[in-house]
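Content type mmCIF, C-alpha atoms, from the file protein_13.cif:
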```cif
data_upload
loop_
_atom_site.label_atom_id
_atom_site.label_comp_id
_atom_site.auth_asym_id
_atom_site.auth_seq_id
_atom_site.Cartn_x
_atom_site.Cartn_y
_atom_site.Cartn_z
CA MET I 271 -8.01 126.19 -0.37
CA LYS I 272 -8.31 122.56 -1.32
CA SER I 273 -10.51 120.58 0.97
CA GLY I 274 -11.26 117.43 -1.02
CA TYR I 275 -9.61 114.06 -0.67
CA THR I 276 -6.18 113.85 -2.29
CA PRO I 277 -5.39 110.39 -3.71
CA TYR I 278 -2.15 108.71 -2.77
CA HIS I 279 0.64 109.77 -5.04
CA PRO I 280 4.00 108.06 -4.51
CA LYS I 281 6.00 110.69 -6.37
CA TRP I 282 5.05 113.49 -4.01
CA TYR I 283 7.15 114.04 -0.96
CA ARG I 284 5.42 115.75 1.94
CA SER I 285 7.20 115.95 5.25
CA ARG I 286 4.81 115.29 8.09
CA ILE I 287 4.30 118.20 10.42
CA PRO I 288 3.88 117.33 14.10
CA ILE I 289 0.67 118.46 15.78
CA PHE I 290 2.53 120.70 18.21
CA TRP I 291 4.61 122.45 15.52
CA TRP I 292 3.59 125.81 17.00
CA LEU I 293 5.51 125.13 20.23
CA ARG I 294 8.82 125.19 18.33
CA LYS I 295 9.20 128.95 18.18
CA PRO I 296 7.85 131.68 20.48
CA ALA I 297 6.45 133.51 17.44
CA TYR I 298 4.41 130.44 16.42
CA ALA I 299 3.12 129.99 19.99
CA ARG I 300 2.17 133.69 20.12
CA PHE I 301 0.22 133.22 16.89
CA ILE I 302 -1.77 130.31 18.35
CA VAL I 303 -2.38 132.22 21.61
CA ARG I 304 -3.65 135.18 19.56
CA GLU I 305 -6.02 132.91 17.65
CA LEU I 306 -7.22 131.29 20.90
CA THR I 307 -8.21 134.69 22.39
CA SER I 308 -11.35 134.09 20.30
CA VAL I 309 -12.43 131.57 22.97
CA PRO I 310 -12.73 134.13 25.83
CA VAL I 311 -14.32 136.53 23.32
CA ALA I 312 -16.99 133.91 22.54
CA TYR I 313 -17.44 133.21 26.27
CA ALA I 314 -18.06 136.91 26.98
CA ALA I 315 -20.55 137.12 24.11
CA LEU I 316 -22.38 134.08 25.51
CA LEU I 317 -22.44 135.58 29.00
CA VAL I 318 -24.02 138.79 27.63
CA LEU I 319 -26.70 136.59 26.07
CA VAL I 320 -27.17 134.58 29.29
CA GLU I 321 -27.41 137.72 31.44
CA ALA I 322 -30.02 139.24 29.09
CA GLY I 323 -32.02 135.98 29.19
CA VAL I 324 -31.77 135.85 33.00
CA VAL I 325 -32.97 139.45 33.36
CA THR I 326 -35.88 138.69 31.02
CA ARG I 327 -36.89 135.77 33.24
CA GLY I 328 -37.33 137.92 36.34
CA PRO I 329 -35.85 139.20 39.64
CA ALA I 330 -35.40 135.74 41.22
CA ALA I 331 -33.40 134.44 38.26
CA TYR I 332 -31.26 137.61 38.33
CA ALA I 333 -30.61 137.23 42.09
CA ALA I 334 -29.42 133.64 41.52
CA PHE I 335 -27.22 134.82 38.64
CA VAL I 336 -25.62 137.50 40.87
CA THR I 337 -24.92 134.88 43.57
CA TRP I 338 -23.19 132.77 40.92
CA LEU I 339 -21.21 135.81 39.68
CA GLN I 340 -19.89 136.46 43.20
CA GLN I 341 -18.42 132.99 43.78
CA PRO I 342 -14.62 133.24 44.02
CA MET I 343 -14.09 130.55 41.37
CA VAL I 344 -16.37 132.40 38.97
CA VAL I 345 -14.64 135.74 39.61
CA GLY I 346 -11.33 133.97 38.96
CA LEU I 347 -12.66 132.59 35.67
CA HIS I 348 -13.83 136.05 34.67
CA VAL I 349 -10.44 137.58 35.49
CA ALA I 350 -8.95 135.01 33.08
CA VAL I 351 -11.61 135.90 30.48
CA LEU I 352 -10.72 139.58 30.96
CA VAL I 353 -7.02 138.84 30.35
CA GLY I 354 -7.94 136.93 27.17
CA ALA I 355 -10.22 139.71 25.92
CA ALA I 356 -7.56 142.34 26.68
CA LEU I 357 -5.01 140.26 24.74
CA HIS I 358 -7.47 140.13 21.86
CA THR I 359 -7.84 143.93 21.94
CA ILE I 360 -4.08 144.54 22.07
CA THR I 361 -3.22 142.12 19.25
CA TRP I 362 -6.21 143.18 17.13
CA LEU I 363 -5.63 146.92 17.32
CA ASN I 364 -1.87 146.58 16.88
CA LEU I 365 -2.45 144.69 13.63
CA ALA I 366 -4.83 147.36 12.31
CA PRO I 367 -2.14 149.35 10.40
CA LYS I 368 -1.19 146.15 8.52
CA ALA I 369 -4.80 145.23 7.72
CA LEU I 370 -5.93 148.73 6.81
CA VAL I 371 -4.05 150.82 4.26
CA VAL I 372 -5.37 154.37 4.30
CA ARG I 373 -4.48 156.61 1.38
CA ALA I 374 -4.78 160.35 1.63
CA ALA I 375 -3.76 162.80 -1.10
CA GLY I 376 -1.98 160.05 -3.02
CA HIS I 377 0.18 159.00 -0.09
CA ARG I 378 -0.14 156.13 2.31
CA LEU I 379 -1.02 157.34 5.78
CA PRO I 380 1.83 156.41 8.18
CA SER I 381 0.99 153.30 10.20
CA ALA I 382 1.65 155.23 13.44
CA ILE I 383 -1.33 157.47 12.66
CA VAL I 384 -3.61 154.52 11.79
CA LEU I 385 -2.51 152.83 15.02
CA ALA I 386 -3.06 155.96 17.13
CA ALA I 387 -6.51 156.50 15.58
CA HIS I 388 -7.57 152.95 16.47
CA TRP I 389 -6.38 153.29 20.06
CA ALA I 390 -8.05 156.70 20.36
CA GLY I 391 -11.26 155.02 19.15
CA TRP I 392 -10.80 152.32 21.76
CA VAL I 393 -10.38 154.91 24.54
CA ALA I 394 -13.53 156.73 23.36
CA VAL I 395 -15.66 153.55 23.11
CA THR I 396 -14.36 152.25 26.45
CA GLY I 397 -15.23 155.58 28.08
CA LEU I 398 -18.69 155.60 26.53
CA VAL I 399 -19.53 151.97 27.42
CA GLY I 400 -18.08 152.41 30.92
CA TRP I 401 -20.13 155.56 31.43
CA LEU I 402 -23.31 153.81 30.26
CA ILE I 403 -22.70 150.82 32.56
CA SER I 404 -21.91 153.06 35.54
CA ARG I 405 -25.18 154.93 34.96
CA LEU I 406 -27.26 151.75 35.33
CA PRO I 407 -29.29 152.30 38.50
CA MET A 1268 -17.08 125.57 2.01
CA ARG A 1269 -17.09 127.19 -1.40
CA ARG A 1270 -14.51 129.82 -2.10
CA SER A 1271 -17.13 132.48 -2.82
CA ARG A 1272 -18.34 132.46 0.80
CA GLU A 1273 -14.90 133.30 2.14
CA PRO A 1274 -15.11 137.15 1.81
CA PHE A 1275 -18.48 137.20 3.57
CA LEU A 1276 -17.21 135.05 6.45
CA TRP A 1277 -14.09 137.19 6.64
CA ALA A 1278 -16.22 140.34 6.90
CA LEU A 1279 -18.14 138.80 9.83
CA PHE A 1280 -14.82 137.77 11.44
CA SER A 1281 -13.35 141.20 10.96
CA SER A 1282 -16.30 143.27 12.18
CA GLY A 1283 -16.77 140.92 15.14
CA GLY A 1284 -13.10 141.22 16.03
CA MET A 1285 -13.25 145.01 15.95
CA LEU A 1286 -16.47 145.20 17.97
CA ALA A 1287 -15.16 142.71 20.56
CA ALA A 1288 -11.84 144.58 20.83
CA MET A 1289 -13.66 147.85 21.47
CA VAL A 1290 -16.46 146.93 23.90
CA LEU A 1291 -15.66 143.63 25.65
CA PRO A 1292 -12.76 144.47 28.02
CA VAL A 1293 -14.60 147.33 29.76
CA ALA A 1294 -17.86 145.33 29.94
CA ILE A 1295 -16.15 142.21 31.36
CA PHE A 1296 -14.19 144.28 33.88
CA MET A 1297 -17.15 146.31 35.15
CA LEU A 1298 -20.00 143.76 35.05
CA TRP A 1299 -18.27 140.51 35.92
CA VAL A 1300 -15.11 141.44 37.88
CA ALA A 1301 -15.44 144.85 39.57
CA ALA A 1302 -19.16 144.69 40.42
CA PRO A 1303 -19.18 141.13 41.87
CA LEU A 1304 -16.13 142.07 43.97
CA GLY A 1305 -17.94 145.14 45.31
CA TRP A 1306 -15.55 147.70 43.77
CA ILE A 1307 -18.51 149.31 41.99
CA PRO A 1308 -22.22 148.80 42.69
CA LEU A 1309 -23.86 145.83 40.96
CA PRO A 1310 -26.47 146.93 38.43
CA SER A 1311 -29.93 146.38 39.88
CA TYR A 1312 -32.54 144.17 38.27
CA ALA A 1313 -34.72 147.20 37.54
CA GLY A 1314 -31.78 149.02 35.94
CA LEU A 1315 -30.91 146.16 33.59
CA ARG A 1316 -34.58 145.62 32.78
CA ALA A 1317 -34.97 149.30 31.87
CA ALA A 1318 -31.80 149.19 29.72
CA LEU A 1319 -33.07 146.09 27.86
CA ALA A 1320 -36.38 147.84 27.22
CA HIS A 1321 -34.49 150.19 24.92
CA PRO A 1322 -34.54 148.87 21.29
CA VAL A 1323 -31.15 150.49 20.52
CA VAL A 1324 -29.54 148.68 23.47
CA ARG A 1325 -31.07 145.36 22.38
CA LEU A 1326 -29.93 145.83 18.79
CA GLY A 1327 -26.41 146.79 19.92
CA LEU A 1328 -26.14 143.80 22.25
CA PHE A 1329 -27.44 141.49 19.52
CA GLY A 1330 -24.74 142.79 17.17
CA VAL A 1331 -21.99 142.35 19.76
CA VAL A 1332 -23.11 138.80 20.62
CA SER A 1333 -23.62 137.55 17.06
CA LEU A 1334 -20.55 139.14 15.45
CA SER A 1335 -18.27 138.11 18.35
CA LEU A 1336 -19.47 134.53 17.89
CA PHE A 1337 -18.79 134.62 14.14
CA HIS A 1338 -15.37 136.07 14.93
CA TRP A 1339 -14.76 133.07 17.19
CA ALA A 1340 -16.08 130.63 14.59
CA HIS A 1341 -13.69 131.89 11.91
CA ARG A 1342 -10.61 132.00 14.14
CA PHE A 1343 -11.32 128.73 15.88
CA ARG A 1344 -11.93 127.02 12.56
CA TYR A 1345 -8.52 127.97 11.24
CA THR A 1346 -6.81 127.28 14.56
CA LEU A 1347 -8.08 123.71 14.41
CA TYR A 1348 -7.28 123.53 10.71
CA ASP A 1349 -3.72 124.86 10.87
CA GLY A 1350 -2.80 124.26 14.48
CA LEU A 1351 -3.93 120.67 14.78
CA GLN A 1352 -3.48 119.86 11.05
CA LEU A 1353 -7.02 118.55 10.73
CA TYR A 1354 -7.14 118.98 6.95
CA HIS A 1355 -9.36 115.97 6.36
CA LEU A 1356 -11.99 117.33 8.79
CA ASN A 1357 -12.14 120.75 7.11
CA LYS A 1358 -15.79 120.55 6.14
CA LEU A 1359 -16.99 119.14 9.45
CA ILE A 1360 -15.07 121.81 11.40
CA ALA A 1361 -16.55 124.57 9.24
CA VAL A 1362 -20.08 123.24 9.70
CA LEU A 1363 -19.62 122.93 13.48
CA THR A 1364 -18.02 126.35 14.06
CA TYR A 1365 -20.16 128.52 11.76
CA GLY A 1366 -23.17 126.37 12.62
CA THR A 1367 -22.69 127.05 16.35
CA ALA A 1368 -22.39 130.79 15.68
CA ALA A 1369 -25.50 130.75 13.45
CA ALA A 1370 -27.56 128.74 15.96
CA LEU A 1371 -26.57 131.05 18.83
CA THR A 1372 -27.38 134.05 16.62
CA LEU A 1373 -30.93 132.67 16.32
CA VAL A 1374 -31.08 132.26 20.11
CA ALA A 1375 -29.82 135.84 20.50
CA ALA A 1376 -32.45 137.08 18.03
CA TYR A 1377 -35.11 135.37 20.13
CA VAL A 1378 -33.74 136.66 23.48
CA PHE A 1379 -33.21 140.25 22.35
CA GLY A 1380 -36.38 140.20 20.28
CA SER A 1381 -38.51 139.24 23.26
CA ALA A 1382 -36.56 141.02 26.03
CA GLY A 1383 -38.52 144.27 25.67
#
```

Transcribe the structure of this file into structure tokens.
Amino acid sequence: MKSGYTPYHPKWYRSRIPIFWWLRKPAYARFIVRELTSVPVAYAALLVLVEAGVVTRGPAAYAAFVTWLQQPMVVGLHVAVLVGAALHTITWLNLAPKALVVRAAGHRLPSAIVLAAHWAGWVAVTGLVGWLISRLP
Amino acid sequence: MRRSREPFLWALFSSGGMLAAMVLPVAIFMLWVAAPLGWIPLPSYAGLRAALAHPVVRLGLFGVVSLSLFHWAHRFRYTLYDGLQLYHLNKLIAVLTYGTAAALTLVAAYVFGSAG
């Protein structure tokens, strides 16, 4: 990828691409939405960090954090974050067969199997993490 | 950004994407939607404190936080780069996105290192 400054060159023709080029086709818009699911992912990661910091600071800080969590606006925000994270999971796992070529006995493993294995892994991890969270006293 | 760093950054992006895809939806739903709404009991302070006392839990949470942030940095960088056509700001965008992820990784190392 070239990142340096390119001098003006009158013989080159480059059509200018509008900033909102990705609104022209649904597939382009879906691509940008998929990339932007990284924002709710980053938010959730930050909130894990914040919650751990709050718990480290003591019971009063945690009580205030819980009060904040229960505000309707905040719950609404977190529902939106959940939708974004779920979209990330769906698009990420569905792309796995394209990103990961598994060869077994000289043949390429069918993408349906790679896909099913990833979703089975997701079910297992979700069950494990959910079980761990539900066991918190 | 030199070309040679690209595979390393891609590995962070990829492992963060996989980790986030696996663990985040259930955690967000249970901790920040279902529990605040009263569908399931909220974890108590003592419960979370005891969980954080476990080094494996702290290490796992550190990995989730840091790799998810590097996943964001990589995707957000190229969304700005391609989506908004900010070719001339390529270096600045890279410094800001990966820099944010690296700085927050240091914060996470401090928080999870001292949470025990």

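For the choices A:Phe1379, A:Tyr1365, A:Phe1296, A:Trp1277, the atom-to-atom distance to Leu1328 of chain A is smallest for A:Phe1379 when using all atoms listed in the file.
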
Worksheet item: Quick one: distance from atom CA of Met1297 of chain A to atom CA of Thr1372 of chain A in Å, one decimal?
Response: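 Separating atom CA of Met1297 of chain A from atom CA of Thr1372 of chain A is a distance of 24.5 Å.
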
Practice prompt. Measuring atom to atom with all atoms listed in the file, identify which of I:Pro367, I:Pro380, I:Pro296, I:Pro310 is nearest to chain A.
Written response: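 The answer is I:Pro310, which sits nearest to chain A.
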
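If you look at atom CA of Gly1314 of chain A and atom CA of Thr337 of chain I, they are 17.5 Å away from each other.
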
Worksheet item: From the list A:Val1290, A:Leu1319, A:Leu1347, A:Val1362, which residue is nearest Gly397 of chain I when using only C-alpha atoms?
Response: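 The closest residue to Gly397 of chain I is A:Val1290.
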
Practice prompt. Just need the residues of chain A within 8 Å of chain I, counting only C-alpha atoms, so spit them out as a ChimeraX atom specification.
Written response: /A:1270,1284-1285,1287-1300,1303-1304,1310-1316,1318-1319,1328,1331-1333,1335-1336,1338-1339,1342-1343,1346,1350-1352,1354-1355,1357-1358,1375,1378-1379,1382

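Here atom CA of Pro1308 of chain A and atom CA of Trp401 of chain I stand 13.3 Å from one another.
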
Worksheet entry | Best match for closeness to Leu1373 of chain A among A:Gly1305, A:Pro1274, A:Tyr1345, A:Phe1329, counting all atoms listed in the file |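 Of A:Gly1305, A:Pro1274, A:Tyr1345, A:Phe1329, the one nearest Leu1373 of chain A, counting all atoms listed in the file, is A:Phe1329.
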
Item to complete: Determine, counting all atoms listed in the file, which protein, DNA and RNA residues have an atom within 12 Å of an atom of segment 1271-1273 of chain A; residues of the same chain fewer than 5 positions away are not included. Present the result as a PyMOL selection string.
Response: (chain I and resi 271) or (chain A and resi 1278-1281+1341+1361+1365)
